[in-house]
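As stored in my_file_3.pdb (PDB, C-alpha atoms, pLDDT in the B column):
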```
ATOM      1  CA  LYS C 128     -81.135  39.540 -34.624  1.00 68.00           C
ATOM      2  CA  LYS C 129     -80.726  38.602 -31.039  1.00 77.00           C
ATOM      3  CA  ALA C 130     -80.382  34.942 -31.988  1.00 81.00           C
ATOM      4  CA  GLU C 131     -77.815  35.837 -34.633  1.00 82.00           C
ATOM      5  CA  LYS C 132     -75.850  37.897 -32.152  1.00 83.00           C
ATOM      6  CA  GLN C 133     -76.041  35.050 -29.652  1.00 83.00           C
ATOM      7  CA  LYS C 134     -74.923  32.572 -32.337  1.00 84.00           C
ATOM      8  CA  ARG C 135     -71.923  34.793 -33.239  1.00 86.00           C
ATOM      9  CA  SER C 136     -71.063  35.104 -29.578  1.00 85.00           C
ATOM     10  CA  GLN C 137     -71.276  31.314 -29.181  1.00 86.00           C
ATOM     11  CA  ASP C 138     -69.239  30.766 -32.385  1.00 85.00           C
ATOM     12  CA  TYR C 139     -66.603  33.153 -31.054  1.00 88.00           C
ATOM     13  CA  LEU C 140     -66.617  31.345 -27.683  1.00 87.00           C
ATOM     14  CA  ILE C 141     -66.400  27.916 -29.418  1.00 88.00           C
ATOM     15  CA  ASN C 142     -63.564  29.178 -31.618  1.00 90.00           C
ATOM     16  CA  GLU C 143     -61.714  30.484 -28.556  1.00 90.00           C
ATOM     17  CA  LEU C 144     -62.268  27.195 -26.699  1.00 89.00           C
ATOM     18  CA  ASN C 145     -60.986  25.258 -29.741  1.00 90.00           C
ATOM     19  CA  GLN C 146     -57.839  27.425 -29.759  1.00 92.00           C
ATOM     20  CA  GLN C 147     -57.359  26.808 -26.026  1.00 90.00           C
ATOM     21  CA  ILE C 148     -57.822  23.046 -26.584  1.00 90.00           C
ATOM     22  CA  LYS C 149     -55.299  23.181 -29.428  1.00 93.00           C
ATOM     23  CA  ALA C 150     -52.820  25.150 -27.268  1.00 92.00           C
ATOM     24  CA  LEU C 151     -53.313  22.780 -24.313  1.00 91.00           C
ATOM     25  CA  THR C 152     -52.891  19.741 -26.600  1.00 92.00           C
ATOM     26  CA  GLU C 153     -49.616  21.195 -27.937  1.00 92.00           C
ATOM     27  CA  GLN C 154     -48.455  21.983 -24.403  1.00 92.00           C
ATOM     28  CA  THR C 155     -49.354  18.416 -23.310  1.00 90.00           C
ATOM     29  CA  ARG C 156     -47.364  17.006 -26.255  1.00 92.00           C
ATOM     30  CA  LEU C 157     -44.367  19.165 -25.274  1.00 92.00           C
ATOM     31  CA  TYR C 158     -44.623  17.967 -21.666  1.00 90.00           C
ATOM     32  CA  GLU C 159     -44.759  14.343 -22.838  1.00 90.00           C
ATOM     33  CA  VAL C 160     -41.615  14.887 -24.958  1.00 90.00           C
ATOM     34  CA  GLN C 161     -39.887  16.495 -21.954  1.00 90.00           C
ATOM     35  CA  VAL C 162     -40.940  13.639 -19.648  1.00 89.00           C
ATOM     36  CA  LYS C 163     -39.650  11.089 -22.181  1.00 91.00           C
ATOM     37  CA  SER C 164     -36.354  12.962 -22.522  1.00 88.00           C
ATOM     38  CA  GLN C 165     -35.984  13.323 -18.758  1.00 89.00           C
ATOM     39  CA  SER C 166     -36.754   9.620 -18.301  1.00 88.00           C
ATOM     40  CA  LYS C 167     -33.932   8.754 -20.725  1.00 91.00           C
ATOM     41  CA  GLN C 168     -31.571  11.153 -18.959  1.00 90.00           C
ATOM     42  CA  THR C 169     -32.574   9.719 -15.578  1.00 88.00           C
ATOM     43  CA  LYS C 170     -31.936   6.188 -16.853  1.00 91.00           C
ATOM     44  CA  ILE C 171     -28.513   7.203 -18.216  1.00 89.00           C
ATOM     45  CA  ALA C 172     -27.684   8.983 -14.956  1.00 88.00           C
ATOM     46  CA  ARG C 173     -28.696   5.904 -12.941  1.00 90.00           C
ATOM     47  CA  GLU C 174     -26.574   3.648 -15.159  1.00 91.00           C
ATOM     48  CA  THR C 175     -23.620   6.021 -14.804  1.00 90.00           C
ATOM     49  CA  LEU C 176     -24.140   6.132 -11.047  1.00 90.00           C
ATOM     50  CA  MET C 177     -24.277   2.325 -10.860  1.00 93.00           C
ATOM     51  CA  GLU C 178     -21.061   2.058 -12.899  1.00 92.00           C
ATOM     52  CA  ALA C 179     -19.396   4.600 -10.624  1.00 90.00           C
ATOM     53  CA  GLU C 180     -20.567   2.694  -7.538  1.00 91.00           C
ATOM     54  CA  LYS C 181     -19.149  -0.542  -8.976  1.00 94.00           C
ATOM     55  CA  GLU C 182     -15.864   1.212  -9.746  1.00 92.00           C
ATOM     56  CA  ILE C 183     -15.735   2.671  -6.226  1.00 91.00           C
ATOM     57  CA  GLU C 184     -16.395  -0.786  -4.778  1.00 94.00           C
ATOM     58  CA  ASN C 185     -13.610  -2.246  -6.939  1.00 93.00           C
ATOM     59  CA  ILE C 186     -11.274   0.505  -5.790  1.00 92.00           C
ATOM     60  CA  ASN C 187     -12.239  -0.134  -2.166  1.00 92.00           C
ATOM     61  CA  VAL C 188     -11.515  -3.846  -2.623  1.00 94.00           C
ATOM     62  CA  GLU C 189      -8.125  -3.029  -4.157  1.00 93.00           C
ATOM     63  CA  LYS C 190      -7.477  -0.553  -1.361  1.00 92.00           C
ATOM     64  CA  ARG C 191      -8.219  -3.225   1.256  1.00 93.00           C
ATOM     65  CA  GLU C 192      -5.904  -5.637  -0.572  1.00 93.00           C
ATOM     66  CA  PHE C 193      -3.115  -3.038  -0.707  1.00 90.00           C
ATOM     67  CA  LEU C 194      -3.594  -2.230   2.981  1.00 91.00           C
ATOM     68  CA  HIS C 195      -3.465  -5.922   3.834  1.00 93.00           C
ATOM     69  CA  ARG C 196      -0.277  -6.353   1.797  1.00 91.00           C
ATOM     70  CA  TRP C 197       1.184  -3.243   3.382  1.00 89.00           C
ATOM     71  CA  LYS C 198       0.401  -4.485   6.906  1.00 92.00           C
ATOM     72  CA  THR C 199       1.856  -7.889   6.044  1.00 91.00           C
ATOM     73  CA  SER C 200       4.979  -6.162   4.734  1.00 88.00           C
ATOM     74  CA  LEU C 201       5.241  -4.155   7.953  1.00 88.00           C
ATOM     75  CA  VAL C 202       4.980  -7.313  10.045  1.00 91.00           C
ATOM     76  CA  GLY C 203       7.654  -8.940   7.894  1.00 89.00           C
ATOM     77  CA  MET C 204       9.861  -5.880   8.168  1.00 87.00           C
ATOM     78  CA  ASN C 205       9.472  -5.841  11.950  1.00 91.00           C
ATOM     79  CA  ARG C 206      10.494  -9.489  12.087  1.00 92.00           C
ATOM     80  CA  ARG C 207      13.463  -8.795   9.850  1.00 89.00           C
ATOM     81  CA  ASP C 208      14.393  -5.812  12.001  1.00 91.00           C
ATOM     82  CA  GLU C 209      14.284  -7.999  15.109  1.00 93.00           C
ATOM     83  CA  THR C 210      16.402 -10.648  13.396  1.00 91.00           C
ATOM     84  CA  LEU C 211      18.826  -8.000  12.159  1.00 88.00           C
ATOM     85  CA  GLN C 212      19.108  -6.546  15.670  1.00 93.00           C
ATOM     86  CA  LYS C 213      19.783 -10.006  17.121  1.00 93.00           C
ATOM     87  CA  GLU C 214      22.442 -10.630  14.477  1.00 90.00           C
ATOM     88  CA  GLN C 215      24.061  -7.258  15.158  1.00 91.00           C
ATOM     89  CA  ASN C 216      24.074  -7.985  18.897  1.00 93.00           C
ATOM     90  CA  SER C 217      25.537 -11.408  18.213  1.00 92.00           C
ATOM     91  CA  LEU C 218      28.186  -9.874  15.957  1.00 89.00           C
ATOM     92  CA  ALA C 219      29.116  -7.323  18.632  1.00 92.00           C
ATOM     93  CA  LYS C 220      29.356 -10.117  21.196  1.00 94.00           C
ATOM     94  CA  HIS C 221      31.586 -12.130  18.866  1.00 89.00           C
ATOM     95  CA  LYS C 222      33.813  -9.116  18.311  1.00 92.00           C
ATOM     96  CA  GLU C 223      34.140  -8.632  22.052  1.00 92.00           C
ATOM     97  CA  GLU C 224      34.951 -12.311  22.462  1.00 90.00           C
ATOM     98  CA  MET C 225      37.530 -11.996  19.699  1.00 89.00           C
ATOM     99  CA  GLN C 226      39.123  -9.023  21.416  1.00 92.00           C
ATOM    100  CA  VAL C 227      39.207 -10.922  24.706  1.00 91.00           C
ATOM    101  CA  LEU C 228      40.705 -13.944  22.978  1.00 87.00           C
ATOM    102  CA  SER C 229      43.218 -11.779  21.136  1.00 89.00           C
ATOM    103  CA  MET C 230      44.316 -10.274  24.434  1.00 90.00           C
ATOM    104  CA  GLU C 231      44.542 -13.732  25.956  1.00 89.00           C
ATOM    105  CA  ILE C 232      46.687 -14.878  23.032  1.00 83.00           C
ATOM    106  CA  MET C 233      48.984 -11.900  23.500  1.00 88.00           C
ATOM    107  CA  GLY C 234      49.271 -12.692  27.196  1.00 88.00           C
ATOM    108  CA  ILE C 235      50.013 -16.318  26.460  1.00 77.00           C
ATOM    109  CA  LYS C 236      52.675 -15.376  23.910  1.00 78.00           C
ATOM    110  CA  LYS C 237      54.334 -13.172  26.505  1.00 82.00           C
ATOM    111  CA  SER C 238      54.194 -15.967  29.052  1.00 76.00           C
ATOM    112  CA  ILE C 239      55.763 -18.330  26.501  1.00 63.00           C
ATOM    113  CA  GLU C 240      58.679 -15.928  26.036  1.00 73.00           C
ATOM    114  CA  GLU C 241      59.120 -15.570  29.791  1.00 77.00           C
ATOM    115  CA  VAL C 242      58.769 -19.246  30.668  1.00 64.00           C
ATOM    116  CA  GLN C 243      60.420 -21.333  27.998  1.00 68.00           C
ATOM    117  CA  GLY C 244      60.613 -24.303  30.347  1.00 65.00           C
ATOM    118  CA  GLU C 245      56.860 -24.717  30.078  1.00 62.00           C
ATOM    119  CA  ASN C 246      57.055 -24.414  26.313  1.00 64.00           C
ATOM    120  CA  GLU C 247      55.379 -27.715  25.463  1.00 75.00           C
ATOM    121  CA  MET C 248      52.373 -27.112  27.719  1.00 67.00           C
ATOM    122  CA  LEU C 249      51.988 -23.514  26.569  1.00 63.00           C
ATOM    123  CA  THR C 250      52.320 -24.545  22.915  1.00 80.00           C
ATOM    124  CA  GLY C 251      49.266 -26.781  23.373  1.00 84.00           C
ATOM    125  CA  ILE C 252      47.301 -23.918  24.945  1.00 79.00           C
ATOM    126  CA  LYS C 253      48.434 -21.598  22.163  1.00 84.00           C
ATOM    127  CA  SER C 254      47.335 -24.057  19.510  1.00 91.00           C
ATOM    128  CA  LYS C 255      43.940 -24.435  21.191  1.00 91.00           C
ATOM    129  CA  LEU C 256      43.444 -20.682  21.434  1.00 88.00           C
ATOM    130  CA  GLU C 257      44.486 -20.153  17.815  1.00 93.00           C
ATOM    131  CA  THR C 258      41.978 -22.772  16.738  1.00 93.00           C
ATOM    132  CA  GLU C 259      39.266 -21.008  18.731  1.00 91.00           C
ATOM    133  CA  HIS C 260      40.396 -17.707  17.278  1.00 91.00           C
ATOM    134  CA  ASN C 261      40.161 -19.074  13.728  1.00 94.00           C
ATOM    135  CA  PHE C 262      36.777 -20.571  14.541  1.00 92.00           C
ATOM    136  CA  LEU C 263      35.561 -17.228  15.856  1.00 89.00           C
ATOM    137  CA  GLU C 264      36.961 -15.398  12.830  1.00 93.00           C
ATOM    138  CA  THR C 265      35.135 -17.829  10.566  1.00 94.00           C
ATOM    139  CA  LEU C 266      32.028 -17.367  12.677  1.00 89.00           C
ATOM    140  CA  ASN C 267      32.511 -13.614  12.500  1.00 90.00           C
ATOM    141  CA  GLU C 268      32.875 -13.704   8.705  1.00 93.00           C
ATOM    142  CA  GLN C 269      29.747 -15.811   8.430  1.00 92.00           C
ATOM    143  CA  SER C 270      27.897 -13.401  10.722  1.00 89.00           C
ATOM    144  CA  GLU C 271      29.041 -10.441   8.620  1.00 92.00           C
ATOM    145  CA  GLN C 272      27.953 -12.203   5.423  1.00 92.00           C
ATOM    146  CA  ASP C 273      24.576 -13.022   7.000  1.00 91.00           C
ATOM    147  CA  LEU C 274      24.243  -9.400   8.086  1.00 88.00           C
ATOM    148  CA  LEU C 275      24.986  -8.125   4.564  1.00 91.00           C
ATOM    149  CA  ALA C 276      22.468 -10.566   3.066  1.00 91.00           C
ATOM    150  CA  LYS C 277      19.810  -9.502   5.561  1.00 91.00           C
ATOM    151  CA  GLN C 278      20.514  -5.830   4.906  1.00 91.00           C
ATOM    152  CA  GLY C 279      19.996  -6.503   1.181  1.00 90.00           C
ATOM    153  CA  LYS C 280      16.678  -8.212   1.896  1.00 93.00           C
ATOM    154  CA  PHE C 281      15.683  -5.350   4.193  1.00 88.00           C
ATOM    155  CA  HIS C 282      16.387  -2.827   1.412  1.00 93.00           C
ATOM    156  CA  MET C 283      14.346  -4.916  -1.046  1.00 92.00           C
ATOM    157  CA  VAL C 284      11.386  -4.966   1.366  1.00 90.00           C
ATOM    158  CA  GLN C 285      11.661  -1.195   1.869  1.00 92.00           C
ATOM    159  CA  THR C 286      11.603  -0.673  -1.919  1.00 93.00           C
ATOM    160  CA  SER C 287       8.577  -2.967  -2.235  1.00 92.00           C
ATOM    161  CA  LEU C 288       6.794  -1.084   0.563  1.00 90.00           C
ATOM    162  CA  SER C 289       7.515   2.249  -1.123  1.00 93.00           C
ATOM    163  CA  THR C 290       6.038   0.916  -4.398  1.00 92.00           C
ATOM    164  CA  LEU C 291       2.907  -0.301  -2.591  1.00 90.00           C
ATOM    165  CA  GLU C 292       2.489   3.066  -0.857  1.00 90.00           C
ATOM    166  CA  ASP C 293       2.760   4.852  -4.246  1.00 92.00           C
ATOM    167  CA  GLN C 294       0.114   2.531  -5.708  1.00 91.00           C
ATOM    168  CA  LEU C 295      -2.124   3.146  -2.691  1.00 89.00           C
ATOM    169  CA  LYS C 296      -1.783   6.919  -3.139  1.00 92.00           C
ATOM    170  CA  LYS C 297      -2.695   6.613  -6.846  1.00 91.00           C
ATOM    171  CA  GLU C 298      -5.754   4.510  -6.050  1.00 87.00           C
ATOM    172  CA  THR C 299      -6.815   6.983  -3.355  1.00 88.00           C
ATOM    173  CA  LEU C 300      -6.529   9.852  -5.868  1.00 87.00           C
ATOM    174  CA  LYS C 301      -8.589   7.870  -8.406  1.00 86.00           C
ATOM    175  CA  THR C 302     -11.238   7.283  -5.756  1.00 86.00           C
ATOM    176  CA  LYS C 303     -11.374  10.978  -4.888  1.00 84.00           C
ATOM    177  CA  ASP C 304     -11.570  11.836  -8.607  1.00 82.00           C
ATOM    178  CA  LEU C 305     -14.453   9.413  -9.159  1.00 80.00           C
ATOM    179  CA  LYS C 306     -16.282  10.737  -6.087  1.00 80.00           C
ATOM    180  CA  GLY C 307     -15.776  14.259  -7.415  1.00 77.00           C
ATOM    181  CA  ARG C 308     -17.293  13.278 -10.758  1.00 74.00           C
ATOM    182  CA  VAL C 309     -20.312  11.659  -9.147  1.00 65.00           C
TER     183      VAL C 309
END
```
This entry written out as structure tokens:
Amino acid sequence: KKAEKQKRSQDYLINELNQQIKALTEQTRLYEVQVKSQSKQTKIARETLMEAEKEIENINVEKREFLHRWKTSLVGMNRRDETLQKEQNSLAKHKEEMQVLSMEIMGIKKSIEEVQGENEMLTGIKSKLETEHNFLETLNEQSEQDLLAKQGKFHMVQTSLSTLEDQLKKETLKTKDLKGRV
């Protein structure tokens, strides 16, 4: 009887141990499935992260290129501004010279009316001054045309700069968006 009781107790213990082994085996299988799934997810996450890093690097390269173009445009604009300022100063100087010459011509005309005896000599001076006046008017017209052309170029550069700045803002927003996703 004692041996039978001991055998039942051992059978019960063996049965319980077998159930624990079965439960632990099932739990181990579940853990293995989870590890496999997490490994796949980790691999996908790493690939996504690498793609995002490449995209960020590409955006940074484009950003550097846009900044370089923008700086180059600024340098060009500064040069054009300097040239435009010189041309405007030159134009103002020519206008002053024209006014001075116009006043001289008026004075000479008055002198011609007063002193008709010196008519031949004064006619030569008048002719010379009129030639200079015409030359300066031509020069003035050319300066004004140059100024208009340079103003057109300046406007074109400003438009180009504005477009580049808009593109830079878009790229910056894309970069922030990608960083936010990562």
| message | Measuring between only C-alpha atoms, which one of C:Gln285, C:Lys236, C:Arg135, C:Lys301 shows the shortest distance to Asn205 in chain C? | response |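 Nearest to Asn205 in chain C: C:Gln285.
Reported to one decimal place, the separation of CA of Leu288 in chain C from CA of Thr199 in chain C is 10.0 Å.
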| What does the distance between CA of Gln272 in chain C and CA of Ser254 in chain C come to in Å, to one decimal place? | 26.7 Å
| message | When you look at Ser200 in chain C with a cut-off of 8 Å (counting only C-alpha atoms), what residues show up, excluding the ones that are within fewer than 3 positions of it in the same chain? I need them as a PyMOL selection string. | response | chain C and resi 196-197+203-204+284+288
So for range 257-272 of chain C, what box centre and size do we get, axis-aligned, 5 Å extra on each of the six sides, every listed atom, Å to one decimal, as AutoDock Vina command-line options?
```
--center_x 36.2 --center_y -16.6 --center_z 12.1 --size_x 26.6 --size_y 22.3 --size_z 23.3
```
Selection: 7 Å around range 184-194 of chain C, all atoms listed in the file, excl. self and same-chain fewer than 6 positions, as a PDB file with C-alpha atoms, in the frame of the given file:
```pdb
ATOM      1  CA  LEU C 291       2.907  -0.301  -2.591  1.00 90.00           C
ATOM      2  CA  LEU C 295      -2.124   3.146  -2.691  1.00 89.00           C
ATOM      3  CA  GLU C 298      -5.754   4.510  -6.050  1.00 87.00           C
ATOM      4  CA  THR C 302     -11.238   7.283  -5.756  1.00 86.00           C
TER       5      THR C 302
END
```
| query | Written as number ranges by chain, what is the full residue list that the PyMOL selection byres ((chain C and resi 207) around 12) yields on the file shown? | reply | C: 200-206, 208-215, 274, 276-285
| said: For this structure, which residues satisfy the selection - the PyMOL selection byres ((chain C and resi 222) around 12) - when it is evaluated on the file as given? I want them as a PyMOL selection string. | reply: chain C and resi 215-221+223-229+260+263-268+270-271
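Here CA of Gln147 in chain C stands at a distance of 24.0 Å from CA of Lys163 in chain C.
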| Residue nearest Lys303 in chain C - candidates C:Ile252, C:Met233, C:Ala130, C:Ile183, atoms counted: all atoms listed in the file |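 Looking at the shortest contact to Lys303 in chain C, the residue is C:Ile183.
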